[in-house]
Amino acid sequence: MTPPITAAPAEEPEEPQRRARSRRPKRTRRANGEGTIYQRKDGLYAAQVYVTQPDQTRKRATVYGKTWDEVHDELVRLKNNERQGIPTPVSSTPLGDYLDYWLEHVVKPDARPATYRSYELSVRLYLKPGLGKKRLNKLTAPDIRVWLNTVRETCLCCAQGKDAKRPKDHKDPQKRQRCCAIGQCCQSYPSPRTVQYLHAILRSALQQAVRDDLLARNVAKNVRAPKGQRRQLPSLSASEAAKLLRTARADRLHALYAVMLGLGLRRGEALGLRWTDVEFNECENCRGLGELKGVPCSPCGNTGQTAVIHVRQTLQRTKDGLRFLGTKTQRSTRDIAVPGSLVKVLREHRKRQMAERLAAGERWREHYLVFTTSIGTPIEPRNLNRSFAKLCDAAGVRRVRLHDLRHTCASLLRARGVDLSAIQDILGHEEYRTTADFYIDVKLDEQRKALQTLDDLFADGPLQ
């Protein structure tokens, strides 16, 4: 009988092979939140990791780079921010698109039309061409700094093609092509104040993005605004102001110039002034008497030498035409006591307007405004500027802006010792500093008087 066949026992593996197998790590899944790095078909490397956004929601962020090390470093930075609790916004919105949203839904509903136009012009001509393609969450302080320096060193005429829009053969040499279009740069560089203004607009827009949880921080705050010299505001001297008003007596708008100079009203405030906003402190009997000439009214005892103007609205030119709007700021809504000389001017102007109304007949359009055209319609602000320029030429004084009558009022009040807080109330400034910055020339006079007290130190005489 043959014995059964049995399998030979397996040989024990050698000791080195058994130790090698024991050193192999077990295959495990990637830890949650560790992120991943992979190479795309186009050769770029990409890293993805979940991060916490400013609104405390989690979203997957993707970063790209040319090398594995580059994206790995960025991945490590994102993970470190996550461990430290620093939110990371994930947004691919271009800055130009966000600026369009900011203008339409943030600035336009609350800002005055002139402010909106100024913002829109700055965004269209400067911010979008320079930074519009940058991703909102990728914008850095160096990007803004380089852009500001570029704006400061770029000719506006060349960048915006202003000279190319002029005709080549216009009869007026000043209106035909004369610089950039014919290869001669006019070096029309923006002023430091313009660069500061652009920086302020960008800073305001990015701050709104922070409030909307689209950005973790406002990088524009890390860029120092360019410094510029403080602009000397031109104003008329006392003799020039008196000469201007004497010449304006023959003008139908003499009262308008007198009120702007005497009370420091803005152009829009003066053009938007209604007769209901002028309180003459008179009864029905006073109105019947006309000009009182200082004789007391028997019913109320009024001499007609006092009045109060209530500034409540302004007249502004918008894209929809002339519109009546509210005042510029909350403090601009104010009451101003009118001196007796201006009361007389306003009474004479009211009589002149009544005569114009009778002469116009059916052509008169009633708006109840103090200052109107010859047929009662509101005055176009730009036409008033042109009329004032002609008045300056006729009076033989320096041609200044119409708004400089407001500066002249403030400077003349300060030169006569009026307190700055009182001038601030008259002008309706929101901040005290705004009022104080108008008086560079007056400050020099005050310094000269103060230093005059030390004059005895330099007088000749025996030393004690």
# chains A, B, ... in the order shown; residues from 1 in each chain; ligands from 1
$ select_by_dssp --residues "region 4-212 of chain A" --states "strand (DSSP E or B)" --output "VMD selection string"
chain A and resid 36 to 39 45 to 52 58 to 65 94 135
$ atom_distance --atom1 "CA of Met260 (chain A)" --atom2 "CA of Arg363 (chain A)"
28.2 Å
$ residues_around --residues "region 40-54 of chain A" --least-positions-apart "3" --cutoff "6 Å" --atoms "only C-alpha atoms" --output "list in words"
Gly35, Thr36, Ile37, Thr57, Arg58, Lys59, Arg60, Ala61, Thr62, Val63, Tyr64, Gly65, Lys66, Pro87, Thr88, Pro89 and Asp213 of chain A
$ write_last_selection --atoms "N, CA and C atoms" --output "mmCIF file, in the first residue's frame"
data_model
loop_
_atom_site.group_PDB
_atom_site.id
_atom_site.type_symbol
_atom_site.label_atom_id
_atom_site.label_comp_id
_atom_site.auth_asym_id
_atom_site.auth_seq_id
_atom_site.Cartn_x
_atom_site.Cartn_y
_atom_site.Cartn_z
ATOM 1 N N GLY A 35 -6.189 69.391 1.373
ATOM 2 C CA GLY A 35 -5.996 69.971 0.058
ATOM 3 C C GLY A 35 -5.333 68.998 -0.896
ATOM 4 N N THR A 36 -5.318 69.382 -2.171
ATOM 5 C CA THR A 36 -4.729 68.515 -3.179
ATOM 6 C C THR A 36 -3.994 69.344 -4.221
ATOM 7 N N ILE A 37 -2.979 68.745 -4.807
ATOM 8 C CA ILE A 37 -2.197 69.385 -5.871
ATOM 9 C C ILE A 37 -2.169 68.444 -7.065
ATOM 10 N N THR A 57 -19.017 81.019 5.549
ATOM 11 C CA THR A 57 -19.325 79.838 4.753
ATOM 12 C C THR A 57 -18.031 79.267 4.201
ATOM 13 N N ARG A 58 -18.041 77.968 3.923
ATOM 14 C CA ARG A 58 -16.837 77.309 3.400
ATOM 15 C C ARG A 58 -16.985 77.085 1.905
ATOM 16 N N LYS A 59 -15.889 77.354 1.203
ATOM 17 C CA LYS A 59 -15.896 77.218 -0.240
ATOM 18 C C LYS A 59 -14.519 76.759 -0.702
ATOM 19 N N ARG A 60 -14.487 76.006 -1.773
ATOM 20 C CA ARG A 60 -13.213 75.494 -2.272
ATOM 21 C C ARG A 60 -12.488 76.571 -3.076
ATOM 22 N N ALA A 61 -11.264 76.829 -2.678
ATOM 23 C CA ALA A 61 -10.419 77.799 -3.379
ATOM 24 C C ALA A 61 -9.412 77.066 -4.247
ATOM 25 N N THR A 62 -9.152 77.619 -5.421
ATOM 26 C CA THR A 62 -8.203 77.029 -6.365
ATOM 27 C C THR A 62 -7.128 78.050 -6.692
ATOM 28 N N VAL A 63 -5.856 77.617 -6.592
ATOM 29 C CA VAL A 63 -4.724 78.467 -6.945
ATOM 30 C C VAL A 63 -3.913 77.763 -8.024
ATOM 31 N N TYR A 64 -3.243 78.563 -8.861
ATOM 32 C CA TYR A 64 -2.502 78.027 -9.991
ATOM 33 C C TYR A 64 -1.064 78.522 -9.963
ATOM 34 N N GLY A 65 -0.180 77.756 -10.578
ATOM 35 C CA GLY A 65 1.224 78.135 -10.663
ATOM 36 C C GLY A 65 1.937 77.328 -11.726
ATOM 37 N N LYS A 66 3.134 77.782 -12.064
ATOM 38 C CA LYS A 66 3.901 77.099 -13.114
ATOM 39 C C LYS A 66 4.659 75.891 -12.573
ATOM 40 N N PRO A 87 -10.214 84.757 7.525
ATOM 41 C CA PRO A 87 -11.075 84.388 6.392
ATOM 42 C C PRO A 87 -10.394 84.659 5.061
ATOM 43 N N THR A 88 -10.727 83.856 4.066
ATOM 44 C CA THR A 88 -10.156 83.990 2.729
ATOM 45 C C THR A 88 -11.291 84.129 1.728
ATOM 46 N N PRO A 89 -11.491 85.322 1.166
ATOM 47 C CA PRO A 89 -12.568 85.478 0.181
ATOM 48 C C PRO A 89 -12.230 84.761 -1.112
ATOM 49 N N ASP A 213 -18.636 91.558 2.441
ATOM 50 C CA ASP A 213 -17.987 90.257 2.669
ATOM 51 C C ASP A 213 -17.371 89.682 1.404
#
$ closest_residue --among "A:Ala114, A:Leu342, A:Cys186, A:Ile375" --to "Glu356 (chain A)" --atoms "only C-alpha atoms"
A:Ile375
$ residues_around --residues "Glu240 (chain A)" --least-positions-apart "6" --cutoff "9 Å" --atoms "only C-alpha atoms" --output "list in words"
Ala395, Gly396, Val397 and Arg398 of chain A
$ atom_distance --atom1 "CA of Thr140 (chain A)" --atom2 "CA of Leu156 (chain A)"
24.9 Å
$ select_by_dssp --residues "region 248-463 of chain A" --states "alpha helix (DSSP H)" --output "PyMOL selection string"
chain A and resi 248+254-263+267-271+284-289+340-360+381-395+404-415+420-427+432-436+440-451
$ write_last_selection --atoms "C-alpha atoms" --output "short mmCIF file (atom, residue, chain, number, x, y, z; two decimals), in the first residue's frame"
data_model
loop_
_atom_site.label_atom_id
_atom_site.label_comp_id
_atom_site.auth_asym_id
_atom_site.auth_seq_id
_atom_site.Cartn_x
_atom_site.Cartn_y
_atom_site.Cartn_z
CA ALA A 248 -23.04 145.18 -10.91
CA HIS A 254 -27.05 142.67 -8.99
CA ALA A 255 -28.93 141.22 -5.99
CA LEU A 256 -27.70 137.70 -6.82
CA TYR A 257 -24.04 138.73 -6.75
CA ALA A 258 -24.61 140.79 -3.60
CA VAL A 259 -26.24 137.87 -1.76
CA MET A 260 -23.53 135.40 -2.79
CA LEU A 261 -20.81 137.79 -1.69
CA GLY A 262 -22.52 139.06 1.45
CA LEU A 263 -23.84 135.72 2.76
CA ARG A 267 -24.26 128.97 -6.63
CA GLY A 268 -26.90 126.25 -6.42
CA GLU A 269 -28.19 127.60 -3.11
CA ALA A 270 -28.64 131.09 -4.53
CA LEU A 271 -30.33 129.87 -7.72
CA GLU A 284 -49.50 142.57 5.68
CA ASN A 285 -49.35 146.33 6.22
CA CYS A 286 -45.57 146.30 5.68
CA ARG A 287 -45.96 144.47 2.36
CA GLY A 288 -48.39 147.11 1.22
CA LEU A 289 -46.00 149.92 2.05
CA GLY A 340 -29.93 145.78 6.56
CA SER A 341 -28.01 146.72 3.39
CA LEU A 342 -28.83 143.39 1.76
CA VAL A 343 -32.46 143.65 2.86
CA LYS A 344 -32.73 146.87 0.86
CA VAL A 345 -31.10 145.20 -2.16
CA LEU A 346 -33.55 142.29 -2.00
CA ARG A 347 -36.55 144.64 -1.74
CA GLU A 348 -35.38 146.56 -4.82
CA HIS A 349 -34.85 143.27 -6.66
CA ARG A 350 -38.39 142.16 -5.79
CA LYS A 351 -39.82 145.33 -7.29
CA ARG A 352 -37.73 144.87 -10.43
CA GLN A 353 -38.93 141.27 -10.76
CA MET A 354 -42.55 142.40 -10.46
CA ALA A 355 -41.98 144.83 -13.32
CA GLU A 356 -40.44 142.07 -15.46
CA ARG A 357 -43.40 139.82 -14.70
CA LEU A 358 -45.86 142.47 -15.93
CA ALA A 359 -43.78 143.09 -19.04
CA ALA A 360 -43.56 139.36 -19.88
CA PRO A 381 -25.85 127.69 -13.85
CA ARG A 382 -23.36 127.74 -16.71
CA ASN A 383 -24.93 130.88 -18.17
CA LEU A 384 -24.50 132.55 -14.79
CA ASN A 385 -20.80 131.68 -14.86
CA ARG A 386 -20.44 133.37 -18.24
CA SER A 387 -22.29 136.46 -17.06
CA PHE A 388 -20.07 136.71 -14.00
CA ALA A 389 -16.91 136.47 -16.13
CA LYS A 390 -18.13 139.40 -18.23
CA LEU A 391 -18.90 141.35 -15.04
CA CYS A 392 -15.34 140.86 -13.80
CA ASP A 393 -13.98 142.19 -17.08
CA ALA A 394 -16.31 145.17 -17.00
CA ALA A 395 -15.32 145.97 -13.40
CA ASP A 404 -14.80 132.42 -5.17
CA LEU A 405 -17.34 135.00 -3.99
CA ARG A 406 -18.03 132.50 -1.19
CA HIS A 407 -14.31 132.37 -0.36
CA THR A 408 -14.19 136.17 -0.46
CA CYS A 409 -17.06 136.39 2.03
CA ALA A 410 -15.27 134.04 4.43
CA SER A 411 -11.93 135.84 4.16
CA LEU A 412 -13.46 139.30 4.64
CA LEU A 413 -15.38 138.12 7.71
CA ARG A 414 -12.26 136.62 9.21
CA ALA A 415 -10.23 139.77 8.48
CA LEU A 420 -14.31 130.89 12.86
CA SER A 421 -17.21 129.00 14.43
CA ALA A 422 -19.60 131.81 13.39
CA ILE A 423 -18.18 131.75 9.85
CA GLN A 424 -18.65 127.97 9.78
CA ASP A 425 -22.34 128.42 10.63
CA ILE A 426 -22.79 131.10 7.96
CA LEU A 427 -21.14 129.02 5.23
CA TYR A 432 -14.38 123.20 11.27
CA ARG A 433 -11.16 122.42 9.41
CA THR A 434 -12.80 123.15 6.05
CA THR A 435 -13.56 126.68 7.20
CA ALA A 436 -10.12 127.25 8.70
CA ILE A 440 -3.99 131.44 4.65
CA ASP A 441 -3.58 135.15 3.90
CA VAL A 442 -5.50 136.21 7.01
CA LYS A 443 -3.42 133.91 9.17
CA LEU A 444 -0.27 135.67 8.00
CA ASP A 445 -1.69 139.00 9.12
CA GLU A 446 -2.54 137.56 12.51
CA GLN A 447 0.96 136.10 12.83
CA ARG A 448 2.48 139.46 11.94
CA LYS A 449 0.47 141.18 14.69
CA ALA A 450 1.40 138.52 17.23
CA LEU A 451 5.10 138.63 16.42
#
$ atom_distance --atom1 "CA of Ala220 (chain A)" --atom2 "CA of Arg203 (chain A)"
5.2 Å
$ closest_residue --among "A:Asn222, A:Thr67, A:Gln330, A:Thr276" --to "Leu369 (chain A)" --atoms "only C-alpha atoms"
A:Thr276
$ residues_around --residues "Asp163 (chain A)" --least-positions-apart "6" --cutoff "10 Å" --atoms "only C-alpha atoms" --output "PyMOL selection string"
chain A and resi 157+175-182+185-186
$ residues_around --residues "Val308 (chain A)" --least-positions-apart "4" --cutoff "10 Å" --atoms "only C-alpha atoms" --output "list of chain:residue names"
A:Asp277, A:Val278, A:Glu279, A:Phe280, A:Asn281, A:Asp335, A:Ile336, A:Ala337, A:Val338, A:Pro339, A:Val343
$ closest_residue --among "A:Ala205, A:Ala141, A:Ala238, A:Ile379" --to "Arg323 (chain A)" --atoms "only C-alpha atoms"
A:Ile379
